[in-house]
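Below is my_file.json, holding JSON, C-alpha atoms and all ligand atoms.
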```
[["chain", "number", "residue", "atom", "x", "y", "z"],
["R", 1, "MET", "CA", -9.97, -71.96, 10.73],
["R", 2, "SER", "CA", -9.42, -75.50, 9.72],
["R", 3, "SER", "CA", -12.21, -77.69, 8.53],
["R", 4, "ARG", "CA", -10.21, -80.80, 9.18],
["R", 5, "LYS", "CA", -11.46, -81.32, 12.66],
["R", 6, "SER", "CA", -12.14, -84.79, 13.79],
["R", 7, "LEU", "CA", -15.68, -85.85, 14.44],
["R", 8, "PRO", "CA", -16.83, -85.79, 18.02],
["R", 9, "SER", "CA", -17.00, -89.25, 19.44],
["R", 10, "THR", "CA", -20.35, -90.85, 20.05],
["R", 11, "PRO", "CA", -21.51, -93.47, 22.47],
["R", 12, "GLU", "CA", -22.32, -95.65, 19.51],
["R", 13, "ALA", "CA", -18.67, -96.52, 19.17],
["R", 14, "THR", "CA", -19.06, -98.70, 22.21],
["R", 15, "SER", "CA", -22.70, -99.58, 21.95],
["R", 16, "LEU", "CA", -24.38, -101.09, 18.96],
["R", 17, "ASN", "CA", -27.88, -100.62, 20.14],
["R", 18, "ARG", "CA", -29.04, -97.65, 18.13],
["R", 19, "SER", "CA", -32.36, -97.23, 19.75],
["R", 20, "GLN", "CA", -30.91, -96.60, 23.17],
["R", 21, "ILE", "CA", -28.68, -93.71, 22.38],
["R", 22, "THR", "CA", -29.86, -90.34, 23.41],
["R", 23, "PHE", "CA", -28.31, -86.93, 23.20],
["R", 24, "SER", "CA", -29.30, -83.81, 25.00],
["R", 25, "PRO", "CA", -30.63, -80.83, 23.11],
["R", 26, "CYS", "CA", -28.40, -77.77, 22.88],
["R", 27, "VAL", "CA", -29.62, -74.18, 22.97],
["R", 28, "HIS", "CA", -29.78, -74.09, 19.17],
["R", 29, "MET", "CA", -31.88, -77.24, 19.00],
["R", 30, "THR", "CA", -34.26, -75.97, 21.64],
["R", 31, "LYS", "CA", -34.61, -72.70, 19.78],
["R", 32, "VAL", "CA", -35.34, -74.31, 16.42],
["R", 33, "LEU", "CA", -37.84, -76.73, 17.90],
["R", 34, "SER", "CA", -39.77, -73.94, 19.55],
["R", 35, "SER", "CA", -39.87, -71.89, 16.35],
["R", 36, "HIS", "CA", -42.07, -72.13, 13.26],
["R", 37, "ALA", "CA", -39.37, -74.28, 11.68],
["R", 38, "ARG", "CA", -40.23, -77.15, 13.98],
["R", 39, "ASP", "CA", -42.43, -79.04, 11.51],
["R", 40, "THR", "CA", -39.89, -78.74, 8.74],
["R", 41, "VAL", "CA", -37.13, -79.95, 11.00],
["R", 42, "LEU", "CA", -39.11, -82.93, 12.23],
["R", 43, "ARG", "CA", -40.08, -83.86, 8.69],
["R", 44, "SER", "CA", -36.56, -83.58, 7.30],
["R", 45, "TYR", "CA", -35.27, -85.53, 10.22],
["R", 46, "GLY", "CA", -37.64, -88.41, 9.55],
["R", 47, "LEU", "CA", -36.61, -88.40, 5.92],
["R", 48, "ALA", "CA", -32.92, -88.25, 6.69],
["R", 49, "ILE", "CA", -33.16, -91.04, 9.21],
["R", 50, "ARG", "CA", -34.87, -93.27, 6.70],
["R", 51, "VAL", "CA", -32.08, -92.66, 4.23],
["R", 52, "SER", "CA", -29.31, -93.06, 6.76],
["R", 53, "LEU", "CA", -30.69, -96.33, 8.01],
["R", 54, "LEU", "CA", -31.01, -97.80, 4.56],
["R", 55, "ALA", "CA", -28.49, -100.54, 4.30],
["R", 56, "SER", "CA", -26.24, -98.74, 6.73],
["R", 57, "PRO", "CA", -22.88, -100.37, 7.22],
["R", 58, "GLY", "CA", -22.48, -102.26, 10.44],
["R", 59, "SER", "CA", -26.16, -102.75, 11.01],
["R", 60, "ALA", "CA", -27.66, -106.17, 11.10],
["R", 61, "THR", "CA", -28.98, -105.88, 7.60],
["R", 62, "PRO", "CA", -31.89, -108.04, 6.73],
["R", 63, "GLU", "CA", -32.30, -109.25, 3.18],
["R", 64, "ARG", "CA", -35.17, -106.95, 2.54],
["R", 65, "PHE", "CA", -36.62, -103.81, 3.97],
["R", 66, "VAL", "CA", -40.26, -103.09, 3.90],
["R", 67, "SER", "CA", -40.92, -99.55, 2.81],
["R", 68, "LYS", "CA", -43.65, -97.25, 3.98],
["R", 69, "ASP", "CA", -46.14, -98.32, 1.33],
["R", 70, "GLY", "CA", -45.70, -101.96, 2.23],
["R", 71, "SER", "CA", -43.60, -103.00, -0.74],
["R", 72, "SER", "CA", -40.24, -104.58, -0.11],
["R", 73, "LEU", "CA", -37.01, -103.49, -1.73],
["R", 74, "PRO", "CA", -33.99, -105.64, -2.37],
["R", 75, "HIS", "CA", -30.98, -104.75, -0.30],
["R", 76, "SER", "CA", -28.75, -104.12, -3.30],
["R", 77, "ARG", "CA", -31.12, -101.47, -4.57],
["R", 78, "LEU", "CA", -31.18, -99.75, -1.23],
["R", 79, "ILE", "CA", -27.40, -99.54, -1.14],
["R", 80, "LYS", "CA", -27.34, -97.91, -4.56],
["R", 81, "LEU", "CA", -30.11, -95.52, -3.67],
["R", 82, "ARG", "CA", -28.43, -94.55, -0.46],
["R", 83, "ALA", "CA", -25.07, -93.89, -2.10],
["R", 84, "LYS", "CA", -26.77, -91.69, -4.65],
["R", 85, "ILE", "CA", -28.63, -89.60, -2.11],
["R", 86, "LEU", "CA", -25.66, -89.23, 0.19],
["R", 87, "LYS", "CA", -23.19, -87.85, -2.31],
["R", 88, "CYS", "CA", -21.66, -84.52, -1.38],
["R", 89, "LYS", "CA", -23.29, -81.81, -3.47],
["R", 90, "GLU", "CA", -19.97, -80.01, -3.95],
["R", 91, "CYS", "CA", -17.44, -82.72, -4.72],
["R", 92, "SER", "CA", -19.68, -85.78, -5.27],
["R", 93, "SER", "CA", -17.70, -87.68, -2.71],
["R", 94, "SER", "CA", -19.57, -90.51, -1.13],
["R", 95, "LEU", "CA", -16.56, -91.91, 0.65],
["R", 96, "SER", "CA", -16.13, -89.53, 3.53],
["R", 97, "PRO", "CA", -18.86, -89.18, 6.13],
["R", 98, "SER", "CA", -21.56, -86.97, 4.74],
["R", 99, "PHE", "CA", -24.06, -84.80, 6.51],
["R", 100, "MET", "CA", -27.60, -84.08, 5.47],
["R", 101, "CYS", "CA", -28.70, -80.59, 6.38],
["R", 102, "LEU", "CA", -31.69, -80.65, 8.67],
["R", 103, "GLN", "CA", -32.95, -77.31, 7.41],
["R", 104, "CYS", "CA", -32.73, -77.83, 3.66],
["R", 105, "SER", "CA", -31.90, -80.60, 1.22],
["R", 106, "TYR", "CA", -28.17, -79.99, 1.16],
["R", 107, "VAL", "CA", -25.77, -82.90, 1.55],
["R", 108, "GLY", "CA", -22.13, -82.15, 2.25],
["R", 109, "CYS", "CA", -19.07, -84.16, 3.11],
["R", 110, "TRP", "CA", -17.14, -83.83, 6.31],
["R", 111, "LYS", "CA", -13.59, -84.35, 5.11],
["R", 112, "LYS", "CA", -13.38, -81.43, 2.74],
["R", 113, "GLY", "CA", -15.43, -79.21, 4.97],
["R", 114, "HIS", "CA", -18.37, -78.85, 2.59],
["R", 115, "ALA", "CA", -20.91, -79.62, 5.28],
["R", 116, "HIS", "CA", -19.36, -76.97, 7.51],
["R", 117, "ALA", "CA", -19.15, -74.46, 4.69],
["R", 118, "HIS", "CA", -22.83, -74.88, 3.98],
["R", 119, "ALA", "CA", -23.77, -74.43, 7.63],
["R", 120, "LYS", "CA", -21.75, -71.26, 7.77],
["R", 121, "HIS", "CA", -22.86, -69.86, 4.45],
["R", 122, "ASP", "CA", -26.57, -70.55, 4.79],
["R", 123, "GLY", "CA", -26.76, -70.12, 8.52],
["R", 124, "HIS", "CA", -28.05, -73.63, 8.97],
["R", 125, "VAL", "CA", -27.15, -75.26, 12.21],
["R", 126, "PHE", "CA", -27.74, -78.99, 12.10],
["R", 127, "GLY", "CA", -26.46, -81.80, 9.98],
["R", 128, "ILE", "CA", -27.41, -85.42, 10.22],
["R", 129, "ASP", "CA", -24.51, -87.81, 10.24],
["R", 130, "ALA", "CA", -25.54, -89.99, 7.33],
["R", 131, "ALA", "CA", -23.70, -93.01, 8.59],
["R", 132, "ARG", "CA", -25.30, -93.10, 11.99],
["R", 133, "GLY", "CA", -28.30, -90.86, 11.92],
["R", 134, "HIS", "CA", -27.10, -88.62, 14.71],
["R", 135, "ILE", "CA", -27.59, -84.89, 14.62],
["R", 136, "LEU", "CA", -24.54, -82.71, 14.75],
["R", 137, "CYS", "CA", -24.88, -79.11, 15.83],
["R", 138, "PHE", "CA", -22.35, -77.16, 13.79],
["R", 139, "ARG", "CA", -22.37, -74.31, 16.27],
["R", 140, "CYS", "CA", -21.64, -76.51, 19.26],
["R", 141, "GLY", "CA", -19.50, -78.97, 17.34],
["R", 142, "ASP", "CA", -21.20, -81.82, 19.09],
["R", 143, "TYR", "CA", -23.97, -84.31, 18.66],
["R", 144, "VAL", "CA", -27.33, -83.23, 19.96],
["R", 145, "GLY", "CA", -30.78, -84.70, 20.22],
["R", 146, "ASP", "CA", -34.28, -84.12, 21.46],
["R", 147, "PRO", "CA", -36.96, -86.44, 22.78],
["R", 148, "SER", "CA", -39.30, -85.55, 19.91],
["R", 149, "LEU", "CA", -36.61, -86.43, 17.38],
["R", 150, "GLU", "CA", -35.67, -89.56, 19.25],
["R", 151, "GLU", "CA", -39.28, -90.64, 19.11],
["R", 152, "ILE", "CA", -39.28, -90.31, 15.33],
["R", 153, "ARG", "CA", -36.06, -92.27, 15.08],
["R", 154, "ILE", "CA", -37.27, -95.16, 17.16],
["R", 155, "LYS", "CA", -40.53, -95.28, 15.26],
["R", 156, "ILE", "CA", -38.70, -95.45, 11.95],
["R", 157, "ILE", "CA", -36.24, -98.07, 13.16],
["R", 158, "ARG", "CA", -39.15, -100.24, 14.23],
["R", 159, "SER", "CA", -41.02, -99.73, 10.98],
["R", 160, "MET", "CA", -37.94, -100.65, 8.97],
["R", 161, "LYS", "CA", -37.38, -103.94, 10.70],
["R", 162, "CYS", "CA", -37.87, -106.96, 8.56],
["R", 163, "LYS", "CA", -41.20, -108.62, 8.98],
["B", 1, "ZN", "ZN", -17.52, -82.48, -0.48],
["B", 2, "ZN", "ZN", -29.03, -76.26, 4.80],
["B", 3, "ZN", "ZN", -25.90, -76.17, 19.36]]
```
Could you spell out this file's structure in structure tokens?
Ligand SMILES: [Zn+2]
Ligand SMILES: [Zn+2]
Ligand SMILES: [Zn+2]
Amino acid sequence: MSSRKSLPSTPEATSLNRSQITFSPCVHMTKVLSSHARDTVLRSYGLAIRVSLLASPGSATPERFVSKDGSSLPHSRLIKLRAKILKCKECSSSLSPSFMCLQCSYVGCWKKGHAHAHAKHDGHVFGIDAARGHILCFRCGDYVGDPSLEEIRIKIIRSMKCK
């Protein structure tokens, strides 16, 4: 099996409005969200979204973001912080798209297949596309979503908007 698959395309390629993109849940997503892991998944998702939206390329980046505690961070610091968090744990690459595991704190790159390898090895199913904040189901090989996750995303996007 080759790990050099190309990423599934997303509607975001044609639409820049993040908050209006929705994906349907797959069987794996539905299963996880109805299990005891639900809270963990929702929490990690919120965290991952915050990171992925930090100074994300292509977004209309305001000069400053206001963080949860009300303090504002300079943009340059956010970019550094983001790059540090999103490094692949195996090869330290921060150039290729990286995925944050939704079920643990693993971060793996796409290009060298480290994200896939982790999903296979640890039996974890979902990775968050760090560049866009979409959830990829490694079993389905496609982007998935859920209204409860979408709700979190929209909430965070709103809270991160510059005042
Ligand atoms: Zn890697
Ligand atoms: Zn994991
Ligand atoms: Zn799936």
Considering all atoms listed in the file, state which residue in the set R:Met29, R:Ile156, R:Leu81, R:Cys88 is at the smallest distance from Gly108 in chain R. R:Cys88
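In this structure, CA of Arg82 in chain R sits 26.0 Å away from CA of Ala37 in chain R.
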For chain R against ligand ZN 1 (chain B), with a cut-off of 6 Å and counting only C-alpha atoms and all ligand atoms, what is the closest atom pair and its distance in Å to one decimal for every residue that makes the cut, ordered by chain and number, as a Markdown table?
```
| residue | atom | partner | partner_atom | distance |
| --- | --- | --- | --- | --- |
| R:Cys88 | CA | B:ZN1 | ZN | 4.7 |
| R:Glu90 | CA | B:ZN1 | ZN | 4.9 |
| R:Cys91 | CA | B:ZN1 | ZN | 4.2 |
| R:Ser93 | CA | B:ZN1 | ZN | 5.7 |
| R:Gly108 | CA | B:ZN1 | ZN | 5.4 |
| R:Cys109 | CA | B:ZN1 | ZN | 4.3 |
| R:Lys112 | CA | B:ZN1 | ZN | 5.3 |
| R:His114 | CA | B:ZN1 | ZN | 4.8 |
```
Close residues, range 124-128 of chain R itself excluded, 7 Å, only C-alpha atoms, min 2 positions apart in chain, as a ChimeraX atom specification: /R:99-103,119-120,122,130,133-139
Set the distance at 7 Å and use all atoms listed in the file: which residues neighbour Phe23 in chain R once local chain neighbours fewer than 4 positions away are removed? I'd like the list as a JSON list (two decimals) with C-alpha atoms, in the coordinates of the input.
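This went into result_38.json:
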```
[["chain", "number", "residue", "atom", "x", "y", "z"],
["R", 143, "TYR", "CA", -23.97, -84.31, 18.66],
["R", 144, "VAL", "CA", -27.33, -83.23, 19.96],
["R", 145, "GLY", "CA", -30.78, -84.70, 20.22],
["R", 146, "ASP", "CA", -34.28, -84.12, 21.46]]
```
Compare R:His36, R:Lys31, R:Arg77, R:Lys89 by their minimum atom-to-atom distance to Trp110 in chain R, counting only C-alpha atoms, and give me the closest one.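 Between R:His36, R:Lys31, R:Arg77, R:Lys89, the residue approaching Trp110 in chain R most closely is R:Lys89.
The nearest approach to ligand ZN 3 (chain B) among the residues R:Leu54, R:Ile154, R:Leu95, R:Cys140, with all atoms listed in the file taken into account, belongs to R:Cys140.
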Could you jot down the CA of His116 in chain R to CA of Lys155 in chain R separation for me, Å, one decimal place? 29.0 Å
Could you work out how far CA of Cys26 in chain R lies from CA of Ser98 in chain R, giving the answer in Å with one decimal? 21.5 Å
Looking at R:Leu47, R:Ile157, R:Asp142, R:Ser76, which one is nearest to ligand ZN 3 (chain B), with distances taken over all atoms listed in the file?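 Closest candidate: R:Asp142.
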Among listed residues R:Ser105, R:Thr40, R:Ser52, R:Thr30, nearest Met160 in chain R (using all atoms listed in the file): R:Ser52
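Minimum distance to ligand ZN 2 (chain B) across R:His75, R:Leu149, R:Val41, R:Arg158 (counting all atoms listed in the file) occurs at R:Val41.
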Please complete range 76-98 of chain R so it has N, CA and C atoms, and hand it over as a short mmCIF file (atom, residue, chain, number, x, y, z; two decimals), in the coordinates of the input.
```cif
data_model
loop_
_atom_site.label_atom_id
_atom_site.label_comp_id
_atom_site.auth_asym_id
_atom_site.auth_seq_id
_atom_site.Cartn_x
_atom_site.Cartn_y
_atom_site.Cartn_z
N SER R 76 -29.70 -104.70 -2.35
CA SER R 76 -28.75 -104.12 -3.30
C SER R 76 -29.26 -102.79 -3.86
N ARG R 77 -30.56 -102.71 -4.03
CA ARG R 77 -31.12 -101.47 -4.57
C ARG R 77 -31.06 -100.36 -3.53
N LEU R 78 -31.25 -100.74 -2.30
CA LEU R 78 -31.18 -99.75 -1.23
C LEU R 78 -29.78 -99.16 -1.11
N ILE R 79 -28.78 -100.02 -1.24
CA ILE R 79 -27.40 -99.54 -1.14
C ILE R 79 -27.10 -98.53 -2.23
N LYS R 80 -27.56 -98.82 -3.43
CA LYS R 80 -27.34 -97.91 -4.56
C LYS R 80 -28.06 -96.59 -4.34
N LEU R 81 -29.28 -96.69 -3.90
CA LEU R 81 -30.11 -95.52 -3.67
C LEU R 81 -29.49 -94.64 -2.60
N ARG R 82 -29.03 -95.27 -1.58
CA ARG R 82 -28.43 -94.55 -0.46
C ARG R 82 -27.17 -93.81 -0.90
N ALA R 83 -26.32 -94.51 -1.64
CA ALA R 83 -25.07 -93.89 -2.10
C ALA R 83 -25.37 -92.68 -2.98
N LYS R 84 -26.43 -92.78 -3.75
CA LYS R 84 -26.77 -91.69 -4.65
C LYS R 84 -27.26 -90.47 -3.88
N ILE R 85 -28.08 -90.71 -2.90
CA ILE R 85 -28.63 -89.60 -2.11
C ILE R 85 -27.56 -88.94 -1.26
N LEU R 86 -26.63 -89.74 -0.79
CA LEU R 86 -25.66 -89.23 0.19
C LEU R 86 -24.38 -88.67 -0.40
N LYS R 87 -24.36 -88.46 -1.70
CA LYS R 87 -23.19 -87.85 -2.31
C LYS R 87 -23.09 -86.38 -1.94
N CYS R 88 -21.87 -85.93 -1.67
CA CYS R 88 -21.66 -84.52 -1.38
C CYS R 88 -22.06 -83.69 -2.60
N LYS R 89 -22.82 -82.63 -2.37
CA LYS R 89 -23.29 -81.81 -3.47
C LYS R 89 -22.17 -81.01 -4.13
N GLU R 90 -21.07 -80.80 -3.41
CA GLU R 90 -19.97 -80.01 -3.95
C GLU R 90 -18.96 -80.87 -4.72
N CYS R 91 -18.54 -81.96 -4.11
CA CYS R 91 -17.44 -82.72 -4.72
C CYS R 91 -17.86 -84.13 -5.10
N SER R 92 -19.15 -84.46 -4.91
CA SER R 92 -19.68 -85.78 -5.27
C SER R 92 -19.01 -86.93 -4.55
N SER R 93 -18.33 -86.61 -3.47
CA SER R 93 -17.70 -87.68 -2.71
C SER R 93 -18.74 -88.43 -1.91
N SER R 94 -18.68 -89.73 -1.99
CA SER R 94 -19.57 -90.51 -1.13
C SER R 94 -18.74 -91.38 -0.21
N LEU R 95 -17.46 -91.09 -0.17
CA LEU R 95 -16.56 -91.91 0.65
C LEU R 95 -16.43 -91.39 2.07
N SER R 96 -16.28 -90.08 2.19
CA SER R 96 -16.13 -89.53 3.53
C SER R 96 -17.51 -89.40 4.17
N PRO R 97 -17.54 -89.31 5.49
CA PRO R 97 -18.86 -89.18 6.13
C PRO R 97 -19.58 -87.96 5.58
N SER R 98 -20.82 -88.12 5.23
CA SER R 98 -21.56 -86.97 4.74
C SER R 98 -22.65 -86.59 5.73
#
```
